[in-house]
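J.: File follows, entry-v6.cif with mmCIF, C-alpha atoms:
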```cif
data_model
#
loop_
_atom_site.label_atom_id
_atom_site.label_comp_id
_atom_site.auth_asym_id
_atom_site.auth_seq_id
_atom_site.Cartn_x
_atom_site.Cartn_y
_atom_site.Cartn_z
CA MET A 159 40.72 -27.37 -44.72
CA SER A 160 41.96 -27.77 -41.22
CA HIS A 161 41.62 -24.02 -40.73
CA GLY A 162 37.98 -24.09 -41.73
CA GLY A 163 37.25 -26.98 -39.41
CA GLY A 164 38.92 -25.14 -36.54
CA GLY A 165 36.70 -22.11 -37.25
CA ASP A 166 33.52 -24.17 -36.79
CA GLU A 167 34.68 -25.53 -33.48
CA ASN A 168 35.43 -22.02 -32.15
CA ALA A 169 32.00 -20.56 -33.06
CA ALA A 170 31.24 -17.53 -30.85
CA GLU A 171 28.48 -18.48 -28.41
CA PRO A 172 27.23 -15.72 -26.11
CA ASP A 173 27.38 -16.61 -22.44
CA LEU A 174 23.73 -16.54 -21.40
CA THR A 175 24.24 -17.47 -17.75
CA PRO A 176 24.72 -13.90 -16.35
CA LEU A 177 21.75 -12.72 -18.40
CA LEU A 178 19.67 -15.54 -17.00
CA ASP A 179 20.81 -14.66 -13.48
CA LEU A 180 19.76 -11.07 -13.94
CA VAL A 181 16.41 -11.96 -15.46
CA LEU A 182 15.68 -14.42 -12.65
CA GLN A 183 16.47 -11.77 -10.08
CA LEU A 184 14.13 -9.31 -11.77
CA LEU A 185 11.49 -12.02 -11.96
CA MET A 186 11.89 -12.73 -8.27
CA PHE A 187 11.44 -9.03 -7.46
CA PHE A 188 8.20 -8.78 -9.38
CA ILE A 189 6.81 -12.06 -8.03
CA VAL A 190 7.45 -10.94 -4.46
CA ASN A 191 5.98 -7.48 -4.97
CA VAL A 192 2.99 -8.28 -7.14
CA ASN A 193 -0.31 -8.09 -5.33
CA PHE A 194 -3.29 -8.97 -7.47
CA VAL A 195 -5.99 -8.81 -4.85
CA LYS A 196 -5.22 -5.85 -2.64
CA GLU A 197 -6.99 -7.28 0.39
CA GLN A 198 -10.52 -6.00 0.06
CA VAL A 199 -9.67 -2.47 -0.82
CA SER A 200 -11.09 -0.48 -3.68
CA GLN A 201 -8.69 1.45 -5.85
CA ASP A 202 -11.55 3.78 -6.79
CA VAL A 203 -11.34 5.46 -3.41
CA ILE A 204 -8.56 8.03 -2.97
CA LEU A 205 -7.62 8.02 0.69
CA PRO A 206 -6.69 11.16 2.60
CA LYS A 207 -3.00 11.68 3.24
CA SER A 208 -1.73 11.55 6.79
CA ALA A 209 1.76 11.59 8.25
CA SER A 210 0.50 10.11 11.49
CA ALA A 211 -0.99 6.92 10.08
CA LYS A 212 0.81 3.81 11.29
CA ALA A 213 1.99 1.35 8.66
CA VAL A 214 -0.47 -1.49 8.27
CA GLU A 215 0.35 -4.94 9.52
CA LYS A 216 -0.78 -7.84 7.34
CA ALA A 217 -4.44 -8.18 8.17
CA ASP A 218 -6.14 -11.47 8.89
CA ALA A 219 -8.82 -11.74 6.21
CA LYS A 220 -11.33 -13.44 8.54
CA GLY A 221 -10.96 -10.89 11.29
CA THR A 222 -11.33 -7.80 9.15
CA LEU A 223 -14.00 -5.99 7.24
CA PHE A 224 -13.15 -3.29 4.72
CA LEU A 225 -15.66 -0.56 4.00
CA ASN A 226 -14.74 1.81 1.20
CA GLN A 227 -16.87 4.91 1.53
CA THR A 228 -17.37 7.47 -1.20
CA THR A 229 -20.15 9.17 -3.15
CA GLU A 230 -21.31 8.63 -6.71
CA GLY A 231 -19.87 12.00 -7.69
CA LEU A 232 -16.43 11.10 -6.36
CA LEU A 233 -16.18 7.86 -8.32
CA PRO A 234 -13.77 7.95 -11.28
CA GLU A 235 -15.58 8.75 -14.53
CA LYS A 236 -14.68 5.35 -15.99
CA VAL A 237 -16.34 3.56 -13.07
CA ARG A 238 -19.37 5.86 -13.16
CA ASN A 239 -19.88 5.24 -16.86
CA ALA A 240 -19.65 1.50 -16.32
CA LEU A 241 -22.52 1.52 -13.83
CA LYS A 242 -25.74 -0.10 -15.00
CA PRO A 243 -28.74 2.29 -15.28
CA GLU A 244 -30.64 0.47 -12.51
CA GLU A 245 -27.55 0.64 -10.28
CA LYS A 246 -27.20 4.35 -11.02
CA ALA A 247 -30.84 4.94 -10.14
CA ARG A 248 -30.47 2.93 -6.93
CA ILE A 249 -27.44 4.80 -5.59
CA GLY A 250 -28.39 8.17 -7.06
CA GLY A 251 -30.22 9.54 -4.03
CA SER A 252 -27.84 8.20 -1.40
CA SER A 253 -25.67 10.65 0.55
CA SER A 254 -22.78 8.18 0.43
CA ILE A 255 -22.10 4.77 -1.03
CA VAL A 256 -20.19 1.86 0.43
CA LEU A 257 -18.03 -0.37 -1.74
CA VAL A 258 -17.30 -3.85 -0.51
CA PRO A 259 -15.37 -5.62 -3.31
CA GLY A 260 -17.14 -8.71 -4.52
CA LYS A 261 -20.51 -7.31 -3.50
CA PRO A 262 -22.85 -4.87 -5.26
CA ILE A 263 -22.45 -1.18 -4.47
CA LYS A 264 -24.46 -0.35 -1.38
CA THR A 265 -26.24 2.83 -0.49
CA PHE A 266 -25.70 4.04 3.05
CA LEU A 267 -29.00 2.57 4.24
CA GLU A 268 -28.31 -0.76 2.53
CA ALA A 269 -24.87 -0.83 4.13
CA LYS A 270 -26.41 -0.12 7.51
CA SER A 271 -28.70 -3.15 7.37
CA TRP A 272 -26.00 -5.31 5.73
CA LEU A 273 -23.65 -4.52 8.61
CA LYS A 274 -26.21 -5.84 11.10
CA ASP A 275 -26.57 -9.08 9.12
CA GLU A 276 -22.80 -9.36 8.75
CA TYR A 277 -22.29 -8.93 12.49
CA GLU A 278 -24.90 -11.60 13.23
CA THR A 279 -23.29 -14.02 10.75
CA ARG A 280 -19.86 -13.45 12.25
CA ARG A 281 -21.22 -13.87 15.77
CA GLN A 282 -22.79 -17.20 14.89
CA LEU A 283 -19.59 -18.41 13.24
CA SER A 284 -17.49 -17.37 16.21
CA LYS A 285 -16.81 -20.15 18.73
CA SER A 286 -16.76 -17.79 21.68
CA GLY A 287 -19.77 -15.80 20.52
CA GLU A 288 -17.59 -12.68 20.51
CA VAL A 289 -16.92 -10.81 17.29
CA GLU A 290 -13.32 -9.66 17.20
CA THR A 291 -13.57 -8.27 13.68
CA VAL A 292 -11.74 -5.04 13.02
CA VAL A 293 -13.66 -2.75 10.68
CA TYR A 294 -11.37 -0.74 8.42
CA LEU A 295 -12.93 2.42 7.08
CA ARG A 296 -11.49 3.70 3.84
CA PRO A 297 -13.12 7.07 3.25
CA HIS A 298 -12.53 9.15 0.15
CA GLU A 299 -10.44 12.22 0.95
CA ASN A 300 -13.18 14.54 -0.34
CA LEU A 301 -15.99 12.90 1.58
CA GLU A 302 -17.83 15.09 4.07
CA LEU A 303 -17.04 14.42 7.71
CA VAL A 304 -20.69 13.87 8.55
CA GLU A 305 -20.82 10.85 6.25
CA LEU A 306 -17.91 9.21 8.06
CA PHE A 307 -19.61 9.77 11.41
CA LYS A 308 -22.86 8.33 10.08
CA LEU A 309 -21.08 5.18 8.97
CA MET A 310 -19.23 4.98 12.29
CA GLU A 311 -22.55 5.10 14.09
CA ALA A 312 -23.96 2.41 11.82
CA ILE A 313 -20.94 0.18 12.51
CA LYS A 314 -21.30 0.73 16.22
CA SER A 315 -25.02 0.09 16.28
CA ALA A 316 -24.47 -3.13 14.28
CA GLY A 317 -22.32 -4.33 17.19
CA PHE A 318 -18.75 -4.03 15.92
CA LYS A 319 -16.38 -2.63 18.52
CA ASN A 320 -13.06 -2.19 16.76
CA MET A 321 -12.73 0.47 14.11
CA LYS A 322 -9.76 1.82 12.26
CA VAL A 323 -9.55 4.42 9.56
CA ARG A 324 -7.12 4.10 6.71
CA ALA A 325 -5.05 6.83 5.12
CA ARG A 326 -2.18 7.14 2.69
CA VAL A 327 1.06 7.36 4.57
CA GLY A 328 2.94 10.49 3.66
CA ARG A 329 3.57 14.12 4.38
CA GLY A 330 2.09 17.04 2.56
CA LYS A 331 -1.37 18.02 1.54
CA SER A 332 -3.82 15.62 -0.03
CA SER A 333 -4.49 15.96 -3.73
CA MET B 12 41.79 -44.58 -26.08
CA ARG B 13 39.64 -43.72 -29.04
CA LYS B 14 36.48 -44.41 -27.10
CA SER B 15 37.42 -42.20 -24.15
CA ALA B 16 38.28 -39.32 -26.49
CA ALA B 17 34.79 -39.57 -28.02
CA ASN B 18 33.26 -39.44 -24.52
CA ASN B 19 35.12 -36.22 -23.72
CA ASP B 20 33.70 -34.56 -26.84
CA SER B 21 30.05 -35.27 -25.98
CA LYS B 22 29.63 -32.94 -22.99
CA VAL B 23 26.18 -32.52 -21.49
CA VAL B 24 24.96 -29.06 -22.45
CA LEU B 25 22.04 -27.56 -20.57
CA PRO B 26 19.77 -25.77 -23.05
CA ILE B 27 19.53 -22.32 -21.55
CA THR B 28 17.73 -20.62 -24.44
CA PRO B 29 14.22 -22.08 -23.88
CA MET B 30 14.55 -21.41 -20.17
CA LEU B 31 15.53 -17.84 -20.89
CA ASP B 32 12.58 -17.50 -23.28
CA MET B 33 10.16 -18.71 -20.65
CA THR B 34 11.71 -16.49 -17.99
CA PHE B 35 11.38 -13.45 -20.23
CA GLN B 36 7.72 -14.25 -20.80
CA LEU B 37 7.13 -14.54 -17.07
CA LEU B 38 9.06 -11.34 -16.49
CA PHE B 39 6.97 -9.51 -19.06
CA PHE B 40 3.80 -10.77 -17.42
CA PHE B 41 4.81 -9.50 -13.98
CA VAL B 42 6.11 -6.18 -15.32
CA ALA B 43 2.80 -5.63 -17.12
CA ASN B 44 0.80 -6.44 -13.99
CA PHE B 45 2.98 -4.54 -11.56
CA ASN B 46 0.96 -1.77 -10.03
CA PRO B 47 2.41 -0.57 -6.76
CA ALA B 48 -0.22 1.16 -4.65
CA ASP B 49 0.41 3.97 -2.20
CA LEU B 50 1.53 2.78 1.18
CA GLU B 51 -1.47 2.63 3.46
CA GLY B 52 -1.56 3.25 7.16
CA SER B 53 -4.29 2.99 9.72
CA MET B 54 -5.40 4.92 12.76
CA ASP B 55 -7.43 3.66 15.69
CA LEU B 56 -10.83 5.18 15.90
CA ALA B 57 -13.48 5.20 18.56
CA LEU B 58 -16.87 6.76 18.33
CA PRO B 59 -17.02 9.51 20.91
CA SER B 60 -19.34 8.87 23.80
CA ALA B 61 -22.63 10.65 24.22
CA SER B 62 -21.10 12.72 27.02
CA ASP B 63 -18.73 14.26 24.52
CA ASP B 64 -21.53 16.03 22.75
CA LYS B 65 -24.02 16.98 25.36
CA LYS B 66 -25.45 19.63 23.10
CA ASP B 67 -26.93 16.97 20.88
CA ALA B 68 -29.14 15.56 23.60
CA LYS B 69 -31.62 13.95 21.26
CA ALA B 70 -28.88 12.12 19.36
CA ALA B 71 -27.30 11.03 22.65
CA LYS B 72 -30.61 9.60 23.85
CA GLU B 73 -31.09 7.70 20.60
CA GLU B 74 -27.54 6.39 20.82
CA LYS B 75 -28.16 5.24 24.37
CA ASP B 76 -31.28 3.38 23.25
CA VAL B 77 -29.32 1.71 20.46
CA ASP B 78 -26.65 0.69 22.95
CA LYS B 79 -29.24 -0.87 25.20
CA GLU B 80 -30.68 -2.84 22.31
CA ALA B 81 -27.31 -4.03 21.05
CA GLY B 82 -25.96 -4.66 24.54
CA ALA B 83 -22.89 -2.67 23.62
CA ASP B 84 -20.15 -1.86 26.10
CA LYS B 85 -19.90 1.60 27.58
CA ASP B 86 -18.11 4.08 25.34
CA PRO B 87 -14.71 5.30 26.32
CA VAL B 88 -14.70 8.89 27.58
CA PHE B 89 -11.86 11.05 26.34
CA GLU B 90 -10.43 13.81 28.39
CA ALA B 91 -8.50 16.41 26.51
CA ASP B 92 -6.61 19.63 27.12
CA TYR B 93 -8.11 21.38 24.14
CA THR B 94 -10.89 20.99 21.65
CA ILE B 95 -10.07 22.21 18.18
CA LYS B 96 -13.11 23.35 16.28
CA VAL B 97 -12.56 23.26 12.55
CA ARG B 98 -15.14 25.23 10.65
CA THR B 99 -16.10 25.35 7.03
CA GLN B 100 -18.60 27.44 5.18
CA GLY B 101 -22.14 26.14 5.24
CA GLY B 102 -24.58 25.89 2.38
CA GLU B 103 -24.90 23.71 -0.67
CA ASN B 104 -21.99 25.32 -2.51
CA SER B 105 -19.50 24.63 0.26
CA ASP B 106 -16.22 23.18 -0.98
CA GLY B 107 -15.50 21.79 2.46
CA SER B 108 -12.26 23.67 3.02
CA ILE B 109 -11.24 25.17 6.35
CA THR B 110 -12.58 28.67 6.95
CA ASP B 111 -11.72 29.00 10.63
CA ILE B 112 -9.99 27.10 13.41
CA ALA B 113 -10.85 27.81 17.03
CA ILE B 114 -9.17 26.32 20.07
CA ARG B 115 -11.16 25.88 23.24
CA SER B 116 -9.15 25.17 26.36
CA ILE B 117 -10.31 23.07 29.28
CA SER B 118 -11.10 26.26 31.15
CA GLY B 119 -13.57 27.24 28.44
CA LYS B 120 -11.46 29.96 26.86
CA GLU B 121 -11.80 29.98 23.07
CA LYS B 122 -9.48 31.57 20.57
CA SER B 123 -9.77 31.71 16.81
CA VAL B 124 -6.57 31.45 14.74
CA GLY B 125 -8.10 31.81 11.29
CA ALA B 126 -7.87 29.19 8.58
CA ASP B 127 -4.10 28.82 8.67
CA LEU B 128 -2.66 25.57 9.99
CA LYS B 129 0.64 27.31 10.73
CA ALA B 130 -1.16 29.72 13.04
CA LEU B 131 -2.73 26.74 14.80
CA GLU B 132 0.69 25.14 15.27
CA ASP B 133 2.12 28.39 16.60
CA TYR B 134 -0.73 28.85 19.06
CA LEU B 135 -0.54 25.26 20.30
CA THR B 136 3.24 25.59 20.71
CA GLU B 137 2.70 28.74 22.70
CA LEU B 138 0.15 26.99 24.92
CA LYS B 139 2.38 23.99 25.43
CA GLY B 140 5.46 26.10 26.10
CA GLY B 141 3.66 28.37 28.52
CA GLY B 142 2.76 25.43 30.75
CA LYS B 143 -0.19 27.35 32.10
CA GLU B 144 -2.34 24.28 32.02
CA LYS B 145 -1.22 20.75 32.81
CA SER B 146 -0.90 18.88 29.54
CA LYS B 147 -2.30 15.39 29.02
CA ASP B 148 -1.08 15.39 25.43
CA ALA B 149 -4.68 14.81 24.50
CA ILE B 150 -6.70 16.81 22.07
CA LYS B 151 -10.14 16.63 20.56
CA ILE B 152 -10.99 17.63 17.03
CA GLN B 153 -14.48 18.72 16.16
CA GLY B 154 -15.08 19.49 12.52
CA ASP B 155 -18.17 20.85 10.84
CA SER B 156 -20.38 18.35 9.04
CA ARG B 157 -19.45 19.60 5.59
CA LEU B 158 -15.72 19.63 6.23
CA ARG B 159 -13.74 17.33 3.95
CA ILE B 160 -11.94 14.44 5.61
CA LYS B 161 -8.58 15.43 4.11
CA HIS B 162 -8.70 18.70 6.05
CA VAL B 163 -9.45 16.88 9.29
CA MET B 164 -6.32 14.80 8.66
CA GLU B 165 -4.28 17.95 8.09
CA VAL B 166 -5.37 19.34 11.46
CA MET B 167 -4.65 15.99 13.07
CA ASP B 168 -1.15 15.89 11.56
CA ALA B 169 -0.47 19.41 12.84
CA CYS B 170 -1.45 18.36 16.38
CA ARG B 171 0.58 15.17 16.26
CA LYS B 172 3.60 17.11 15.06
CA LEU B 173 3.47 19.06 18.29
CA GLY B 174 3.41 15.95 20.44
CA TYR B 175 -0.30 15.46 20.99
CA THR B 176 -0.41 11.71 20.73
CA ASN B 177 -3.90 11.13 22.00
CA ILE B 178 -6.25 12.60 19.44
CA SER B 179 -9.96 11.88 19.36
CA PHE B 180 -12.81 13.08 17.23
CA VAL B 181 -15.98 14.71 18.41
CA LYS B 182 -19.22 14.52 16.50
CA PRO B 183 -19.85 17.69 14.45
CA GLU B 184 -21.88 20.34 16.25
CA ASP B 185 -24.31 20.43 13.35
CA PHE B 186 -24.59 16.63 13.12
CA ALA B 187 -28.23 16.75 14.18
CA THR B 188 -29.15 18.78 11.09
CA HIS B 189 -26.87 17.13 8.53
CA GLY B 190 -26.51 13.61 9.84
CA ARG B 191 -30.10 12.49 10.02
#
```
Please go through the file and, once you have read it, give me the structure as structure tokens.

T.:
Amino acid sequence: MSHGGGGDENAAEPDLTPLLDLVLQLLMFFIVNVNFVKEQVSQDVILPKSASAKAVEKADAKGTLFLNQTTEGLLPEKVRNALKPEEKARIGGSSSIVLVPGKPIKTFLEAKSWLKDEYETRRQLSKSGEVETVVYLRPHENLELVELFKLMEAIKSAGFKNMKVRARVGRGKSS
Amino acid sequence: MRKSAANNDSKVVLPITPMLDMTFQLLFFFVANFNPADLEGSMDLALPSASDDKKDAKAAKEEKDVDKEAGADKDPVFEADYTIKVRTQGGENSDGSITDIAIRSISGKEKSVGADLKALEDYLTELKGGGKEKSKDAIKIQGDSRLRIKHVMEVMDACRKLGYTNISFVKPEDFATHGR
């Protein structure tokens, strides 16, 4: 009898504390590294690779404008198939398209006029009347150079002064 | 005595199991949503001034008019030791790859090194090592309109590898025909 009672008291209980420690550490890692909204970048645009690109500092959302430039043909098939027919017809004839997350896909000409409006809005909101916005260009690696220059001209004629181009940091040839 | 013995038996036990359950659920959520993107970098960019592409006089005039309207500041003018012309095949079926690279020195001498980036590096090393012309570590890259951006970056990386820190872009020669 006493033996049986002693057996109950000494029931084997796994020590969960180290497991919990480990799990919490893993959890911490993923919480710190998760990034749901990747600024205003579009993952549908494959950037060119460059070893000379400087690592990006955390951008101030108010002082930046991200323009993802690609063409309809360079969009992933999944994204292309998800386009509405009227959207497809609208962007079909455009030499390049500009993706600004949260806004409808813009043709180059639409982007050109939108940039002017955007500059004016930012100028009015600015206390000093100066627009310090940095425009980040994210061109697709297979985009033609002429399209990048056209967008650069559009940005400049809208009034923006600071431009940066983004690339994947790394050595070796692009895909 | 009896009472104190009973107190010793009833230890406060923290229930770890539900906490572990919840932590696992959270962990699963973050693991499922973890999607590390490629590390991104940025490069400063300035639109070359009209003086950089005198050949495109019409475009330069239009640009000047736009500047007047917008009240924009004067463009920076880049001085460079060499201009690297990166050419691709023309036509609708162009795949935008490099077909020829030519280096034009400040004295106007132009030399073609073919489509090989290694040959470009070798030639630039030779120029730099020779010390025939005073180096400003500045270089201009002028690609054809149909050239793919990834190839421009490759040329830029090759130049930077050799110590050319000040790299600027020049509008494509055929911008007037393709860019309008």

J.: Tell me which residues the PyMOL selection byres ((chain B) within 8 of (chain A)) grabs here, as JSON, numbers by chain.

T.: {"B": [27, 28, 31, 34, 35, 37, 38, 41, 42, 44, 45, 46, 47, 49, 50, 51, 52, 53, 54, 55, 56, 57, 58, 77, 78, 81, 83, 107, 154, 155, 156, 157, 158, 159, 160, 161, 164, 165, 167, 168, 171, 182, 183, 186, 189, 190]}

J.: Determine the residue membership of the PyMOL selection byres ((chain A and resi 225) around 10) for the file above and supply it as a list in words.

T.: Gln198, Val199, Ser200, Thr222, Leu223, Phe224, Asn226, Gln227, Thr228, Ile255, Val256, Leu257, Val258, Pro259, Ala269, Val293, Tyr294, Leu295, Arg296, Pro297, Leu309 and Val323 of chain A

J.: Which value, in Å to one decimal, gives the distance between atom CA of Ala43 of chain B and atom CA of Leu232 of chain A?

T.: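 According to the coordinates, atom CA of Ala43 of chain B and atom CA of Leu232 of chain A are separated by 27.7 Å.
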
J.: Once the PyMOL selection byres ((chain A and resi 264) around 10) has been applied to the shown file, what residues remain in the selection, as a PyMOL selection string?

T.: chain A and resi 227+245+248-249+252+254-258+261-263+265-270+272

J.: Could you check how far atom CA of Asp202 of chain A sits from atom CA of Val237 of chain A, in Å to one decimal?

T.: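 Interatomic distance, atom CA of Asp202 of chain A to atom CA of Val237 of chain A: 7.9 Å.
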
J.: Do you know which residues are at most 7 Å from Gln153 of chain B counting all atoms listed in the file, after dropping those on the same chain fewer than 3 positions away, and could you put them as a PyMOL selection string?

T.: chain B and resi 94-97+180-183

J.: Give me the residues near Thr176 of chain B as a list of chain:residue names, where near means some atom within 9 Å (using all atoms listed in the file) and where sequence neighbours in that chain fewer than 5 positions away do not count.

T.: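 Within the cut-off, the hits are B:Asp148, B:Ala149, B:Ile150, B:Cys170, B:Arg171.
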
J.: Looking at all atoms listed in the file, which of B:Thr188, B:Tyr175, B:Asp32, B:Tyr93 is the one that sits closest to Gly119 of chain B?

T.: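 Selected residue with least distance to Gly119 of chain B: B:Tyr93.
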
J.: Can you work out the spacing between atom CA of Asp185 of chain B and atom CA of Ser271 of chain A in Å, to one decimal?

T.: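 Computing it gives 24.7 Å between the two atoms.
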
J.: Which residues are near Val289 of chain A? Cut-off 8 Å, all atoms listed in the file, ignore same chain within fewer than 6 positions. Put them as a PDB file with C-alpha atoms, keeping the file's coordinate frame.

T.:
```pdb
ATOM      1  CA  TYR A 277     -22.290  -8.930  12.490  1.00  0.00           C
ATOM      2  CA  ARG A 280     -19.860 -13.450  12.250  1.00  0.00           C
ATOM      3  CA  ARG A 281     -21.220 -13.870  15.770  1.00  0.00           C
ATOM      4  CA  PHE A 318     -18.750  -4.030  15.920  1.00  0.00           C
TER       5      PHE A 318
END
```

J.: How would segment 35-43 of chain B look with all heavy atoms restored, written as a short mmCIF file (atom, residue, chain, number, x, y, z; two decimals), in the coordinates of the input?

T.:
```
data_model
loop_
_atom_site.label_atom_id
_atom_site.label_comp_id
_atom_site.auth_asym_id
_atom_site.auth_seq_id
_atom_site.Cartn_x
_atom_site.Cartn_y
_atom_site.Cartn_z
N PHE B 35 11.72 -14.77 -19.69
CA PHE B 35 11.38 -13.45 -20.23
C PHE B 35 9.86 -13.27 -20.32
O PHE B 35 9.33 -12.19 -20.06
CB PHE B 35 12.00 -13.26 -21.61
CG PHE B 35 13.33 -12.54 -21.55
CD1 PHE B 35 14.50 -13.15 -21.99
CD2 PHE B 35 13.42 -11.26 -21.04
CE1 PHE B 35 15.72 -12.50 -21.91
CE2 PHE B 35 14.63 -10.60 -20.96
CZ PHE B 35 15.78 -11.22 -21.40
N GLN B 36 9.19 -14.33 -20.69
CA GLN B 36 7.72 -14.25 -20.80
C GLN B 36 7.11 -13.99 -19.42
O GLN B 36 6.21 -13.16 -19.27
CB GLN B 36 7.17 -15.54 -21.38
CG GLN B 36 7.54 -15.70 -22.83
CD GLN B 36 6.42 -16.36 -23.64
OE1 GLN B 36 5.29 -16.42 -23.21
NE2 GLN B 36 6.78 -16.84 -24.82
N LEU B 37 7.62 -14.73 -18.45
CA LEU B 37 7.13 -14.54 -17.07
C LEU B 37 7.43 -13.12 -16.60
O LEU B 37 6.58 -12.46 -16.00
CB LEU B 37 7.79 -15.53 -16.12
CG LEU B 37 7.17 -16.91 -16.02
CD1 LEU B 37 8.08 -17.84 -15.24
CD2 LEU B 37 5.81 -16.84 -15.33
N LEU B 38 8.63 -12.68 -16.90
CA LEU B 38 9.06 -11.34 -16.49
C LEU B 38 8.14 -10.29 -17.10
O LEU B 38 7.67 -9.37 -16.43
CB LEU B 38 10.50 -11.10 -16.90
CG LEU B 38 11.11 -9.76 -16.49
CD1 LEU B 38 11.21 -9.65 -14.98
CD2 LEU B 38 12.49 -9.58 -17.10
N PHE B 39 7.85 -10.45 -18.38
CA PHE B 39 6.97 -9.51 -19.06
C PHE B 39 5.60 -9.47 -18.41
O PHE B 39 5.00 -8.42 -18.19
CB PHE B 39 6.86 -9.87 -20.55
CG PHE B 39 5.94 -8.95 -21.28
CD1 PHE B 39 6.33 -7.65 -21.58
CD2 PHE B 39 4.66 -9.35 -21.65
CE1 PHE B 39 5.47 -6.78 -22.23
CE2 PHE B 39 3.80 -8.49 -22.30
CZ PHE B 39 4.21 -7.20 -22.59
N PHE B 40 5.11 -10.67 -18.06
CA PHE B 40 3.80 -10.77 -17.42
C PHE B 40 3.76 -9.98 -16.11
O PHE B 40 2.85 -9.19 -15.85
CB PHE B 40 3.47 -12.24 -17.16
CG PHE B 40 2.23 -12.46 -16.33
CD1 PHE B 40 0.96 -12.30 -16.88
CD2 PHE B 40 2.33 -12.80 -14.99
CE1 PHE B 40 -0.17 -12.48 -16.11
CE2 PHE B 40 1.21 -12.99 -14.22
CZ PHE B 40 -0.05 -12.83 -14.78
N PHE B 41 4.79 -10.18 -15.28
CA PHE B 41 4.81 -9.50 -13.98
C PHE B 41 5.04 -8.00 -14.13
O PHE B 41 4.48 -7.21 -13.38
CB PHE B 41 5.85 -10.14 -13.05
CG PHE B 41 5.37 -11.44 -12.47
CD1 PHE B 41 5.90 -12.64 -12.89
CD2 PHE B 41 4.36 -11.46 -11.52
CE1 PHE B 41 5.44 -13.84 -12.35
CE2 PHE B 41 3.90 -12.65 -10.99
CZ PHE B 41 4.43 -13.84 -11.40
N VAL B 42 5.88 -7.62 -15.09
CA VAL B 42 6.11 -6.18 -15.32
C VAL B 42 4.79 -5.52 -15.74
O VAL B 42 4.42 -4.46 -15.25
CB VAL B 42 7.21 -5.95 -16.38
CG1 VAL B 42 7.26 -4.49 -16.80
CG2 VAL B 42 8.57 -6.35 -15.84
N ALA B 43 4.06 -6.20 -16.63
CA ALA B 43 2.80 -5.63 -17.12
C ALA B 43 1.77 -5.51 -16.01
O ALA B 43 0.95 -4.60 -16.00
CB ALA B 43 2.26 -6.49 -18.26
#
```
